[in-house]
Amino acid sequence: MGKKSTTGNKNKEKRQARKLEQRRIADGMSFVTSANKLKDLSPLCQDLLVYNNLESMEINMCIQRVTELDKDVLNWAISLTERNMKRLYETCAWGWNKERKVEEMTDDAAWYLIARNNDNILQAFSHFRFDMDFGEPVLYCYEVQIEEGGRRKGLGQRVMQVLERLARATHMRCVRLTALTHNPSAAAFFKACGYK
C-alpha cells in the first residue's frame, strides 16, 4: 500500500489555472484593441444620443476621439474640469496639476462624449477610454463634467447610460471610474446610477 502524491495534481491545476488566466487576459486585450480600432462609436448607441427631459431641455450628443475634437471644445472641456474639480483636487493627496490633467485628457487613446443643447451651447462631456484594468477589459470613465445649468436634470445619468451601452457593445467587462471620496455629490450620483 502506498499514498498517492497530490503534488503532481496541484501543479497541473496551477498550470491550467495560469493558462486560463492568460487566455482571459489575451481575450480582454483583443476586445480592447478592437474597440480602439473603431472609427465611429455613434451607431452603437444612436438611440441614446438625443436627450429630452421634462424641463424642455434638449441635448444632442456626439462621440469623437480627442484627435478629432475641435480645439475650442477641448479647451472648454479642460476649463470645465478645472472649474469643477480644482478645489477638490487641492484638498486631497493628489493635488491639482493642470499640466498633468491636460496630458491625461489629451492622450491619443481618449474618446469624448460631448453634449450640446439646441442652441449648440456645450453642456457636458465625458472623457473615457477602452483599456485593461486589473486584467479586465473596461471602459474607463476618466471624467463626467456638467455645466452648472445642466445639473440635476438627468443629463449625467444619460451620459452614464451611453457609456454603459458602449461598454456592452464592445465587450468590455464594465464601466469603471474613480471618484474622490471627499466629493459627496459625486458619490451620491454614482451610487444612484448603480456604481459601488
# chains A, B, ... in the order shown; residues from 1 in each chain; ligands from 1
>>> residues_around(residues="region 75-92 of chain A", least_positions_apart="4", cutoff="8 Å", atoms="only C-alpha atoms", output="PyMOL selection string")
chain A and resi 71+96+98+102+105+125+143+145-147+180+182-183
>>> residues_around(residues="region 28-34 of chain A", least_positions_apart="3", cutoff="8 Å", atoms="only C-alpha atoms", output="PyMOL selection string")
chain A and resi 24-25+37-38+130-132+135-138+170-172
>>> write_last_selection(atoms="N, CA, C and O atoms", output="PDB file, in the first residue's frame")
ATOM      1  N   ARG A  24      -7.783  34.493 -20.659  1.00  0.00           N
ATOM      2  CA  ARG A  24      -8.783  35.520 -20.317  1.00  0.00           C
ATOM      3  C   ARG A  24      -8.219  36.918 -20.578  1.00  0.00           C
ATOM      4  O   ARG A  24      -8.882  37.772 -21.159  1.00  0.00           O
ATOM      5  N   ILE A  25      -6.975  37.143 -20.180  1.00  0.00           N
ATOM      6  CA  ILE A  25      -6.338  38.446 -20.387  1.00  0.00           C
ATOM      7  C   ILE A  25      -6.124  38.701 -21.880  1.00  0.00           C
ATOM      8  O   ILE A  25      -6.372  39.805 -22.372  1.00  0.00           O
ATOM      9  N   LYS A  37      -9.900  50.337 -32.346  1.00  0.00           N
ATOM     10  CA  LYS A  37      -9.778  50.448 -33.801  1.00  0.00           C
ATOM     11  C   LYS A  37     -11.038  51.011 -34.451  1.00  0.00           C
ATOM     12  O   LYS A  37     -11.011  51.385 -35.626  1.00  0.00           O
ATOM     13  N   LEU A  38     -12.134  51.076 -33.694  1.00  0.00           N
ATOM     14  CA  LEU A  38     -13.376  51.594 -34.259  1.00  0.00           C
ATOM     15  C   LEU A  38     -13.210  53.062 -34.641  1.00  0.00           C
ATOM     16  O   LEU A  38     -12.566  53.831 -33.935  1.00  0.00           O
ATOM     17  N   PHE A 130     -11.003  52.869 -23.709  1.00  0.00           N
ATOM     18  CA  PHE A 130     -11.089  51.409 -23.631  1.00  0.00           C
ATOM     19  C   PHE A 130      -9.715  50.931 -23.191  1.00  0.00           C
ATOM     20  O   PHE A 130      -8.710  51.250 -23.825  1.00  0.00           O
ATOM     21  N   ASP A 131      -9.662  50.160 -22.105  1.00  0.00           N
ATOM     22  CA  ASP A 131      -8.365  49.787 -21.551  1.00  0.00           C
ATOM     23  C   ASP A 131      -8.492  48.508 -20.721  1.00  0.00           C
ATOM     24  O   ASP A 131      -9.593  48.042 -20.448  1.00  0.00           O
ATOM     25  N   MET A 132      -7.338  47.978 -20.334  1.00  0.00           N
ATOM     26  CA  MET A 132      -7.302  46.855 -19.395  1.00  0.00           C
ATOM     27  C   MET A 132      -7.095  47.430 -18.000  1.00  0.00           C
ATOM     28  O   MET A 132      -6.289  48.339 -17.816  1.00  0.00           O
ATOM     29  N   GLY A 135      -6.562  43.330 -15.168  1.00  0.00           N
ATOM     30  CA  GLY A 135      -6.702  42.147 -16.014  1.00  0.00           C
ATOM     31  C   GLY A 135      -8.031  42.019 -16.725  1.00  0.00           C
ATOM     32  O   GLY A 135      -8.320  40.982 -17.313  1.00  0.00           O
ATOM     33  N   GLU A 136      -8.864  43.077 -16.686  1.00  0.00           N
ATOM     34  CA  GLU A 136     -10.173  43.026 -17.322  1.00  0.00           C
ATOM     35  C   GLU A 136     -10.292  44.124 -18.365  1.00  0.00           C
ATOM     36  O   GLU A 136      -9.801  45.238 -18.165  1.00  0.00           O
ATOM     37  N   PRO A 137     -10.992  43.842 -19.476  1.00  0.00           N
ATOM     38  CA  PRO A 137     -11.253  44.898 -20.452  1.00  0.00           C
ATOM     39  C   PRO A 137     -12.369  45.796 -19.920  1.00  0.00           C
ATOM     40  O   PRO A 137     -13.442  45.313 -19.557  1.00  0.00           O
ATOM     41  N   VAL A 138     -12.104  47.088 -19.833  1.00  0.00           N
ATOM     42  CA  VAL A 138     -13.087  48.013 -19.269  1.00  0.00           C
ATOM     43  C   VAL A 138     -13.189  49.274 -20.119  1.00  0.00           C
ATOM     44  O   VAL A 138     -12.257  49.651 -20.820  1.00  0.00           O
ATOM     45  N   THR A 170     -19.015  46.769 -27.005  1.00  0.00           N
ATOM     46  CA  THR A 170     -17.614  46.495 -27.347  1.00  0.00           C
ATOM     47  C   THR A 170     -17.018  45.377 -26.500  1.00  0.00           C
ATOM     48  O   THR A 170     -15.811  45.172 -26.502  1.00  0.00           O
ATOM     49  N   HIS A 171     -17.847  44.670 -25.759  1.00  0.00           N
ATOM     50  CA  HIS A 171     -17.441  43.511 -24.958  1.00  0.00           C
ATOM     51  C   HIS A 171     -16.524  43.874 -23.793  1.00  0.00           C
ATOM     52  O   HIS A 171     -15.701  43.053 -23.373  1.00  0.00           O
ATOM     53  N   MET A 172     -16.698  45.092 -23.262  1.00  0.00           N
ATOM     54  CA  MET A 172     -15.954  45.457 -22.061  1.00  0.00           C
ATOM     55  C   MET A 172     -16.635  44.809 -20.862  1.00  0.00           C
ATOM     56  O   MET A 172     -17.853  44.608 -20.863  1.00  0.00           O
TER      57      MET A 172
END
>>> residues_around(residues="Ala167 (chain A)", least_positions_apart="2", cutoff="12 Å", atoms="only C-alpha atoms", output="CSV table (one decimal) with C-alpha atoms, in the first residue's frame")
chain,number,residue,atom,x,y,z
A,31,PHE,CA,-11.6,43.3,-27.1
A,32,VAL,CA,-9.8,46.5,-26.1
A,35,ALA,CA,-12.8,48.8,-29.6
A,36,ASN,CA,-9.9,51.2,-30.1
A,41,LEU,CA,-19.0,54.7,-31.9
A,44,LEU,CA,-23.5,51.5,-31.1
A,45,CYS,CA,-25.8,53.9,-29.1
A,128,PHE,CA,-13.3,57.8,-21.5
A,129,ARG,CA,-11.0,55.1,-22.8
A,130,PHE,CA,-11.1,51.4,-23.6
A,131,ASP,CA,-8.4,49.8,-21.6
A,137,PRO,CA,-11.3,44.9,-20.5
A,138,VAL,CA,-13.1,48.0,-19.3
A,139,LEU,CA,-14.5,51.3,-20.5
A,140,TYR,CA,-12.7,53.6,-18.1
A,141,CYS,CA,-14.5,56.8,-17.4
A,160,MET,CA,-23.5,57.1,-18.0
A,161,GLN,CA,-26.2,55.1,-19.9
A,162,VAL,CA,-24.3,55.9,-23.1
A,163,LEU,CA,-21.0,54.8,-21.6
A,164,GLU,CA,-22.7,51.6,-20.3
A,165,ARG,CA,-24.1,50.8,-23.8
A,169,ALA,CA,-21.4,46.7,-27.4
A,170,THR,CA,-17.6,46.5,-27.3
A,171,HIS,CA,-17.4,43.5,-25.0
A,172,MET,CA,-16.0,45.5,-22.1
A,173,ARG,CA,-16.4,43.8,-18.7
A,174,CYS,CA,-17.8,47.0,-17.1
A,175,VAL,CA,-17.6,50.8,-16.9
A,176,ARG,CA,-15.0,51.6,-14.3
>>> residues_around(residues="Asp107 (chain A)", least_positions_apart="6", cutoff="12 Å", atoms="only C-alpha atoms", output="MDAnalysis selection string")
chainID A and resid 65:67 74 100:101 127:129 142
>>> write_last_selection(atoms="N, CA, C and O atoms", output="PDB file, in the first residue's frame")
ATOM      1  N   ARG A  65     -12.943  60.995 -31.026  1.00  0.00           N
ATOM      2  CA  ARG A  65     -11.612  60.808 -30.449  1.00  0.00           C
ATOM      3  C   ARG A  65     -11.043  62.185 -30.129  1.00  0.00           C
ATOM      4  O   ARG A  65     -11.389  63.175 -30.777  1.00  0.00           O
ATOM      5  N   VAL A  66     -10.158  62.242 -29.174  1.00  0.00           N
ATOM      6  CA  VAL A  66      -9.547  63.521 -28.818  1.00  0.00           C
ATOM      7  C   VAL A  66      -8.832  64.132 -30.012  1.00  0.00           C
ATOM      8  O   VAL A  66      -8.792  65.354 -30.171  1.00  0.00           O
ATOM      9  N   THR A  67      -8.274  63.296 -30.869  1.00  0.00           N
ATOM     10  CA  THR A  67      -7.532  63.788 -32.024  1.00  0.00           C
ATOM     11  C   THR A  67      -8.442  64.453 -33.054  1.00  0.00           C
ATOM     12  O   THR A  67      -7.961  65.178 -33.922  1.00  0.00           O
ATOM     13  N   LEU A  74     -12.099  71.146 -26.874  1.00  0.00           N
ATOM     14  CA  LEU A  74     -11.132  70.579 -25.936  1.00  0.00           C
ATOM     15  C   LEU A  74     -10.764  71.595 -24.860  1.00  0.00           C
ATOM     16  O   LEU A  74     -10.712  71.259 -23.670  1.00  0.00           O
ATOM     17  N   ARG A 100      -0.519  67.983 -15.826  1.00  0.00           N
ATOM     18  CA  ARG A 100      -0.742  66.537 -15.788  1.00  0.00           C
ATOM     19  C   ARG A 100      -2.183  66.197 -16.222  1.00  0.00           C
ATOM     20  O   ARG A 100      -2.413  65.225 -16.944  1.00  0.00           O
ATOM     21  N   LYS A 101      -3.137  67.026 -15.795  1.00  0.00           N
ATOM     22  CA  LYS A 101      -4.537  66.796 -16.171  1.00  0.00           C
ATOM     23  C   LYS A 101      -4.715  66.981 -17.682  1.00  0.00           C
ATOM     24  O   LYS A 101      -5.381  66.184 -18.349  1.00  0.00           O
ATOM     25  N   HIS A 127     -14.886  62.067 -20.696  1.00  0.00           N
ATOM     26  CA  HIS A 127     -13.631  61.588 -21.287  1.00  0.00           C
ATOM     27  C   HIS A 127     -13.525  60.141 -20.847  1.00  0.00           C
ATOM     28  O   HIS A 127     -13.594  59.835 -19.655  1.00  0.00           O
ATOM     29  N   PHE A 128     -13.369  59.225 -21.814  1.00  0.00           N
ATOM     30  CA  PHE A 128     -13.280  57.804 -21.485  1.00  0.00           C
ATOM     31  C   PHE A 128     -12.299  57.124 -22.417  1.00  0.00           C
ATOM     32  O   PHE A 128     -11.897  57.659 -23.437  1.00  0.00           O
ATOM     33  N   ARG A 129     -11.912  55.915 -22.024  1.00  0.00           N
ATOM     34  CA  ARG A 129     -11.004  55.103 -22.839  1.00  0.00           C
ATOM     35  C   ARG A 129     -11.374  53.628 -22.701  1.00  0.00           C
ATOM     36  O   ARG A 129     -11.943  53.219 -21.697  1.00  0.00           O
ATOM     37  N   TYR A 142     -12.870  58.579 -17.237  1.00  0.00           N
ATOM     38  CA  TYR A 142     -11.950  59.482 -16.548  1.00  0.00           C
ATOM     39  C   TYR A 142     -12.662  60.721 -16.018  1.00  0.00           C
ATOM     40  O   TYR A 142     -12.303  61.242 -14.971  1.00  0.00           O
TER      41      TYR A 142
END
>>> select_by_dssp(residues="region 51-148 of chain A", states="strand (DSSP E)", output="ChimeraX atom specification")
/A:51-52,58-65,111-117,122-133,136-146
>>> write_last_selection(atoms="N, CA, C and O atoms", output="compact mmCIF listing (two decimals), in the first residue's frame")
# COMPACT_ATOMS: atom_id res chain seq x y z
N TYR A 51 -31.30 63.58 -25.98
CA TYR A 51 -31.90 63.51 -24.64
C TYR A 51 -32.84 64.69 -24.44
O TYR A 51 -32.47 65.85 -24.66
N ASN A 52 -34.06 64.38 -24.06
CA ASN A 52 -35.06 65.40 -23.70
C ASN A 52 -35.52 65.11 -22.29
O ASN A 52 -35.86 63.97 -21.97
N GLU A 58 -33.32 69.99 -24.41
CA GLU A 58 -32.99 69.01 -25.45
C GLU A 58 -31.50 69.03 -25.67
O GLU A 58 -30.89 70.07 -25.88
N ILE A 59 -30.91 67.84 -25.60
CA ILE A 59 -29.46 67.68 -25.71
C ILE A 59 -29.16 66.74 -26.86
O ILE A 59 -29.79 65.69 -27.01
N ASN A 60 -28.19 67.11 -27.66
CA ASN A 60 -27.66 66.24 -28.71
C ASN A 60 -26.22 65.92 -28.35
O ASN A 60 -25.44 66.80 -27.98
N MET A 61 -25.87 64.64 -28.47
CA MET A 61 -24.53 64.20 -28.11
C MET A 61 -23.81 63.63 -29.32
O MET A 61 -24.45 63.08 -30.23
N CYS A 62 -22.50 63.74 -29.28
CA CYS A 62 -21.67 63.12 -30.30
C CYS A 62 -20.45 62.51 -29.60
O CYS A 62 -20.12 62.88 -28.47
N ILE A 63 -19.83 61.56 -30.28
CA ILE A 63 -18.66 60.88 -29.72
C ILE A 63 -17.51 61.07 -30.69
O ILE A 63 -17.65 60.79 -31.88
N GLN A 64 -16.38 61.54 -30.16
CA GLN A 64 -15.21 61.76 -31.00
C GLN A 64 -13.94 61.36 -30.26
O GLN A 64 -13.89 61.43 -29.03
N ARG A 65 -12.94 60.99 -31.03
CA ARG A 65 -11.61 60.81 -30.45
C ARG A 65 -11.04 62.18 -30.13
O ARG A 65 -11.39 63.17 -30.78
N TRP A 111 -11.33 59.16 -25.77
CA TRP A 111 -12.58 59.39 -26.51
C TRP A 111 -13.37 60.43 -25.70
O TRP A 111 -13.26 60.49 -24.47
N TYR A 112 -14.20 61.19 -26.40
CA TYR A 112 -15.05 62.19 -25.74
C TYR A 112 -16.49 62.05 -26.18
O TYR A 112 -16.78 61.92 -27.38
N LEU A 113 -17.37 62.06 -25.20
CA LEU A 113 -18.80 62.16 -25.43
C LEU A 113 -19.14 63.62 -25.11
O LEU A 113 -18.94 64.07 -23.98
N ILE A 114 -19.61 64.35 -26.10
CA ILE A 114 -19.87 65.78 -25.97
C ILE A 114 -21.37 66.03 -26.07
O ILE A 114 -22.02 65.52 -27.00
N ALA A 115 -21.91 66.81 -25.12
CA ALA A 115 -23.34 67.12 -25.10
C ALA A 115 -23.54 68.63 -25.30
O ALA A 115 -22.92 69.44 -24.61
N ARG A 116 -24.42 68.96 -26.25
CA ARG A 116 -24.77 70.36 -26.53
C ARG A 116 -26.28 70.53 -26.49
O ARG A 116 -27.02 69.60 -26.84
N ASN A 117 -26.73 71.73 -26.13
CA ASN A 117 -28.17 71.97 -26.17
C ASN A 117 -28.58 72.41 -27.58
O ASN A 117 -27.74 72.48 -28.48
N LEU A 122 -22.29 74.12 -25.36
CA LEU A 122 -21.72 72.94 -24.69
C LEU A 122 -22.27 72.82 -23.28
O LEU A 122 -22.25 73.80 -22.51
N GLN A 123 -22.74 71.62 -22.92
CA GLN A 123 -23.37 71.40 -21.62
C GLN A 123 -22.63 70.38 -20.75
O GLN A 123 -22.62 70.51 -19.53
N ALA A 124 -22.06 69.35 -21.37
CA ALA A 124 -21.45 68.28 -20.58
C ALA A 124 -20.51 67.48 -21.47
O ALA A 124 -20.60 67.54 -22.70
N PHE A 125 -19.62 66.73 -20.81
CA PHE A 125 -18.77 65.82 -21.56
C PHE A 125 -18.34 64.68 -20.65
O PHE A 125 -18.38 64.78 -19.43
N SER A 126 -17.92 63.62 -21.29
CA SER A 126 -17.24 62.52 -20.60
C SER A 126 -15.99 62.20 -21.40
O SER A 126 -16.03 62.09 -22.62
N HIS A 127 -14.89 62.07 -20.70
CA HIS A 127 -13.63 61.59 -21.29
C HIS A 127 -13.52 60.14 -20.85
O HIS A 127 -13.59 59.83 -19.65
N PHE A 128 -13.37 59.22 -21.81
CA PHE A 128 -13.28 57.80 -21.48
C PHE A 128 -12.30 57.12 -22.42
O PHE A 128 -11.90 57.66 -23.44
N ARG A 129 -11.91 55.92 -22.02
CA ARG A 129 -11.00 55.10 -22.84
C ARG A 129 -11.37 53.63 -22.70
O ARG A 129 -11.94 53.22 -21.70
N PHE A 130 -11.00 52.87 -23.71
CA PHE A 130 -11.09 51.41 -23.63
C PHE A 130 -9.71 50.93 -23.19
O PHE A 130 -8.71 51.25 -23.83
N ASP A 131 -9.66 50.16 -22.11
CA ASP A 131 -8.37 49.79 -21.55
C ASP A 131 -8.49 48.51 -20.72
O ASP A 131 -9.59 48.04 -20.45
N MET A 132 -7.34 47.98 -20.33
CA MET A 132 -7.30 46.86 -19.40
C MET A 132 -7.09 47.43 -18.00
O MET A 132 -6.29 48.34 -17.82
N ASP A 133 -7.84 46.92 -17.03
CA ASP A 133 -7.71 47.36 -15.65
C ASP A 133 -7.86 46.13 -14.77
O ASP A 133 -8.89 45.46 -14.83
N GLU A 136 -8.86 43.08 -16.69
CA GLU A 136 -10.17 43.03 -17.32
C GLU A 136 -10.29 44.12 -18.36
O GLU A 136 -9.80 45.24 -18.17
N PRO A 137 -10.99 43.84 -19.48
CA PRO A 137 -11.25 44.90 -20.45
C PRO A 137 -12.37 45.80 -19.92
O PRO A 137 -13.44 45.31 -19.56
N VAL A 138 -12.10 47.09 -19.83
CA VAL A 138 -13.09 48.01 -19.27
C VAL A 138 -13.19 49.27 -20.12
O VAL A 138 -12.26 49.65 -20.82
N LEU A 139 -14.33 49.91 -20.04
CA LEU A 139 -14.47 51.27 -20.49
C LEU A 139 -14.19 52.10 -19.25
O LEU A 139 -14.95 52.03 -18.28
N TYR A 140 -13.08 52.82 -19.25
CA TYR A 140 -12.69 53.58 -18.06
C TYR A 140 -13.13 55.02 -18.24
O TYR A 140 -12.70 55.70 -19.17
N CYS A 141 -14.00 55.47 -17.37
CA CYS A 141 -14.53 56.83 -17.40
C CYS A 141 -13.61 57.71 -16.56
O CYS A 141 -13.56 57.59 -15.34
N TYR A 142 -12.87 58.58 -17.24
CA TYR A 142 -11.95 59.48 -16.55
C TYR A 142 -12.66 60.72 -16.02
O TYR A 142 -12.30 61.24 -14.97
N GLU A 143 -13.63 61.21 -16.77
CA GLU A 143 -14.34 62.43 -16.38
C GLU A 143 -15.79 62.34 -16.80
O GLU A 143 -16.10 61.84 -17.87
N VAL A 144 -16.65 62.87 -15.96
CA VAL A 144 -18.01 63.26 -16.33
C VAL A 144 -18.15 64.64 -15.74
O VAL A 144 -18.14 64.81 -14.52
N GLN A 145 -18.24 65.64 -16.60
CA GLN A 145 -18.33 67.02 -16.15
C GLN A 145 -19.54 67.68 -16.80
O GLN A 145 -19.76 67.53 -18.01
N ILE A 146 -20.30 68.40 -15.98
CA ILE A 146 -21.53 69.03 -16.45
C ILE A 146 -21.52 70.49 -16.03
O ILE A 146 -21.19 70.81 -14.88
>>> atom_distance(atom1="CA of Gln157 (chain A)", atom2="CA of Asn120 (chain A)")
20.4 Å
>>> atom_distance(atom1="CA of Leu166 (chain A)", atom2="CA of Gly194 (chain A)")
16.6 Å
>>> select_by_dssp(residues="region 28-147 of chain A", states="alpha helix (DSSP H)", output="VMD selection string")
chain A and resid 28 to 37 71 to 90 98 to 105
>>> write_last_selection(atoms="N, CA and C atoms", output="compact mmCIF listing (two decimals), in the first residue's frame")
# COMPACT_ATOMS: atom_id res chain seq x y z
N GLY A 28 -9.37 39.64 -23.36
CA GLY A 28 -9.67 41.02 -22.96
C GLY A 28 -8.90 42.03 -23.78
N MET A 29 -7.62 41.77 -23.98
CA MET A 29 -6.80 42.68 -24.80
C MET A 29 -7.32 42.73 -26.23
N SER A 30 -7.79 41.61 -26.72
CA SER A 30 -8.35 41.57 -28.07
C SER A 30 -9.58 42.48 -28.16
N PHE A 31 -10.46 42.45 -27.15
CA PHE A 31 -11.64 43.31 -27.14
C PHE A 31 -11.24 44.78 -27.08
N VAL A 32 -10.24 45.10 -26.24
CA VAL A 32 -9.78 46.49 -26.11
C VAL A 32 -9.20 46.97 -27.44
N THR A 33 -8.37 46.14 -28.05
CA THR A 33 -7.76 46.50 -29.34
C THR A 33 -8.84 46.74 -30.40
N SER A 34 -9.82 45.85 -30.45
CA SER A 34 -10.92 46.00 -31.42
C SER A 34 -11.71 47.28 -31.17
N ALA A 35 -12.00 47.58 -29.92
CA ALA A 35 -12.76 48.80 -29.60
C ALA A 35 -11.97 50.03 -29.99
N ASN A 36 -10.67 50.03 -29.74
CA ASN A 36 -9.85 51.19 -30.07
C ASN A 36 -9.64 51.37 -31.57
N LYS A 37 -9.90 50.34 -32.35
CA LYS A 37 -9.78 50.45 -33.80
C LYS A 37 -11.04 51.01 -34.45
N LYS A 71 -10.45 72.30 -31.30
CA LYS A 71 -9.60 72.84 -30.24
C LYS A 71 -10.41 73.63 -29.21
N ASP A 72 -11.42 74.37 -29.66
CA ASP A 72 -12.24 75.14 -28.73
C ASP A 72 -13.03 74.22 -27.80
N VAL A 73 -13.49 73.10 -28.31
CA VAL A 73 -14.23 72.13 -27.49
C VAL A 73 -13.30 71.52 -26.45
N LEU A 74 -12.10 71.15 -26.87
CA LEU A 74 -11.13 70.58 -25.94
C LEU A 74 -10.76 71.60 -24.86
N ASN A 75 -10.54 72.83 -25.25
CA ASN A 75 -10.21 73.88 -24.26
C ASN A 75 -11.36 74.09 -23.28
N TRP A 76 -12.61 74.04 -23.79
CA TRP A 76 -13.77 74.14 -22.90
C TRP A 76 -13.79 72.97 -21.91
N ALA A 77 -13.53 71.75 -22.39
CA ALA A 77 -13.54 70.57 -21.52
C ALA A 77 -12.49 70.70 -20.42
N ILE A 78 -11.31 71.16 -20.79
CA ILE A 78 -10.24 71.34 -19.80
C ILE A 78 -10.65 72.42 -18.80
N SER A 79 -11.20 73.51 -19.29
CA SER A 79 -11.64 74.60 -18.41
C SER A 79 -12.75 74.15 -17.46
N LEU A 80 -13.75 73.41 -17.99
CA LEU A 80 -14.84 72.93 -17.15
C LEU A 80 -14.32 71.98 -16.07
N THR A 81 -13.38 71.12 -16.44
CA THR A 81 -12.80 70.20 -15.46
C THR A 81 -12.10 71.00 -14.36
N GLU A 82 -11.36 72.01 -14.75
CA GLU A 82 -10.67 72.83 -13.75
C GLU A 82 -11.66 73.56 -12.85
N ARG A 83 -12.71 74.14 -13.46
CA ARG A 83 -13.71 74.86 -12.66
C ARG A 83 -14.42 73.92 -11.67
N ASN A 84 -14.72 72.71 -12.12
CA ASN A 84 -15.47 71.78 -11.28
C ASN A 84 -14.60 71.02 -10.28
N MET A 85 -13.32 70.79 -10.61
CA MET A 85 -12.53 69.85 -9.83
C MET A 85 -11.30 70.42 -9.11
N LYS A 86 -10.81 71.55 -9.51
CA LYS A 86 -9.55 72.06 -8.96
C LYS A 86 -9.58 72.11 -7.43
N ARG A 87 -10.63 72.69 -6.88
CA ARG A 87 -10.71 72.83 -5.41
C ARG A 87 -10.73 71.46 -4.73
N LEU A 88 -11.44 70.50 -5.32
CA LEU A 88 -11.49 69.16 -4.73
C LEU A 88 -10.12 68.47 -4.80
N TYR A 89 -9.44 68.61 -5.93
CA TYR A 89 -8.10 68.03 -6.06
C TYR A 89 -7.13 68.65 -5.06
N GLU A 90 -7.27 69.96 -4.84
CA GLU A 90 -6.36 70.65 -3.92
C GLU A 90 -6.51 70.18 -2.48
N LYS A 98 -2.40 71.12 -13.35
CA LYS A 98 -3.09 71.34 -14.63
C LYS A 98 -2.37 70.66 -15.79
N GLU A 99 -1.05 70.74 -15.82
CA GLU A 99 -0.30 70.14 -16.92
C GLU A 99 -0.53 68.63 -16.99
N ARG A 100 -0.52 67.98 -15.83
CA ARG A 100 -0.74 66.54 -15.79
C ARG A 100 -2.18 66.20 -16.22
N LYS A 101 -3.14 67.03 -15.80
CA LYS A 101 -4.54 66.80 -16.17
C LYS A 101 -4.72 66.98 -17.68
N VAL A 102 -4.10 68.02 -18.24
CA VAL A 102 -4.19 68.25 -19.69
C VAL A 102 -3.55 67.09 -20.45
N GLU A 103 -2.43 66.61 -19.97
CA GLU A 103 -1.76 65.46 -20.60
C GLU A 103 -2.67 64.24 -20.59
N GLU A 104 -3.33 63.99 -19.45
CA GLU A 104 -4.26 62.86 -19.35
C GLU A 104 -5.43 63.03 -20.32
N MET A 105 -5.97 64.24 -20.39
CA MET A 105 -7.16 64.49 -21.21
C MET A 105 -6.85 64.51 -22.70
>>> atom_distance(atom1="CA of Tyr195 (chain A)", atom2="CA of Pro43 (chain A)")
25.4 Å
>>> decode(residues="region 63-77 of chain A", atoms="N, CA and C atoms", output="compact mmCIF listing (two decimals), in the first residue's frame")
# COMPACT_ATOMS: atom_id res chain seq x y z
N ILE A 63 -19.83 61.56 -30.28
CA ILE A 63 -18.66 60.88 -29.72
C ILE A 63 -17.51 61.07 -30.69
N GLN A 64 -16.38 61.54 -30.16
CA GLN A 64 -15.21 61.76 -31.00
C GLN A 64 -13.94 61.36 -30.26
N ARG A 65 -12.94 60.99 -31.03
CA ARG A 65 -11.61 60.81 -30.45
C ARG A 65 -11.04 62.18 -30.13
N VAL A 66 -10.16 62.24 -29.17
CA VAL A 66 -9.55 63.52 -28.82
C VAL A 66 -8.83 64.13 -30.01
N THR A 67 -8.27 63.30 -30.87
CA THR A 67 -7.53 63.79 -32.02
C THR A 67 -8.44 64.45 -33.05
N GLU A 68 -9.76 64.22 -32.96
CA GLU A 68 -10.72 64.81 -33.88
C GLU A 68 -11.48 65.99 -33.28
N LEU A 69 -11.30 66.22 -31.99
CA LEU A 69 -12.03 67.28 -31.31
C LEU A 69 -11.58 68.65 -31.80
N ASP A 70 -12.54 69.54 -31.95
CA ASP A 70 -12.23 70.93 -32.23
C ASP A 70 -11.45 71.50 -31.03
N LYS A 71 -10.45 72.30 -31.30
CA LYS A 71 -9.60 72.84 -30.24
C LYS A 71 -10.41 73.63 -29.21
N ASP A 72 -11.42 74.37 -29.66
CA ASP A 72 -12.24 75.14 -28.73
C ASP A 72 -13.03 74.22 -27.80
N VAL A 73 -13.49 73.10 -28.31
CA VAL A 73 -14.23 72.13 -27.49
C VAL A 73 -13.30 71.52 -26.45
N LEU A 74 -12.10 71.15 -26.87
CA LEU A 74 -11.13 70.58 -25.94
C LEU A 74 -10.76 71.60 -24.86
N ASN A 75 -10.54 72.83 -25.25
CA ASN A 75 -10.21 73.88 -24.26
C ASN A 75 -11.36 74.09 -23.28
N TRP A 76 -12.61 74.04 -23.79
CA TRP A 76 -13.77 74.14 -22.90
C TRP A 76 -13.79 72.97 -21.91
N ALA A 77 -13.53 71.75 -22.39
CA ALA A 77 -13.54 70.57 -21.52
C ALA A 77 -12.49 70.70 -20.42
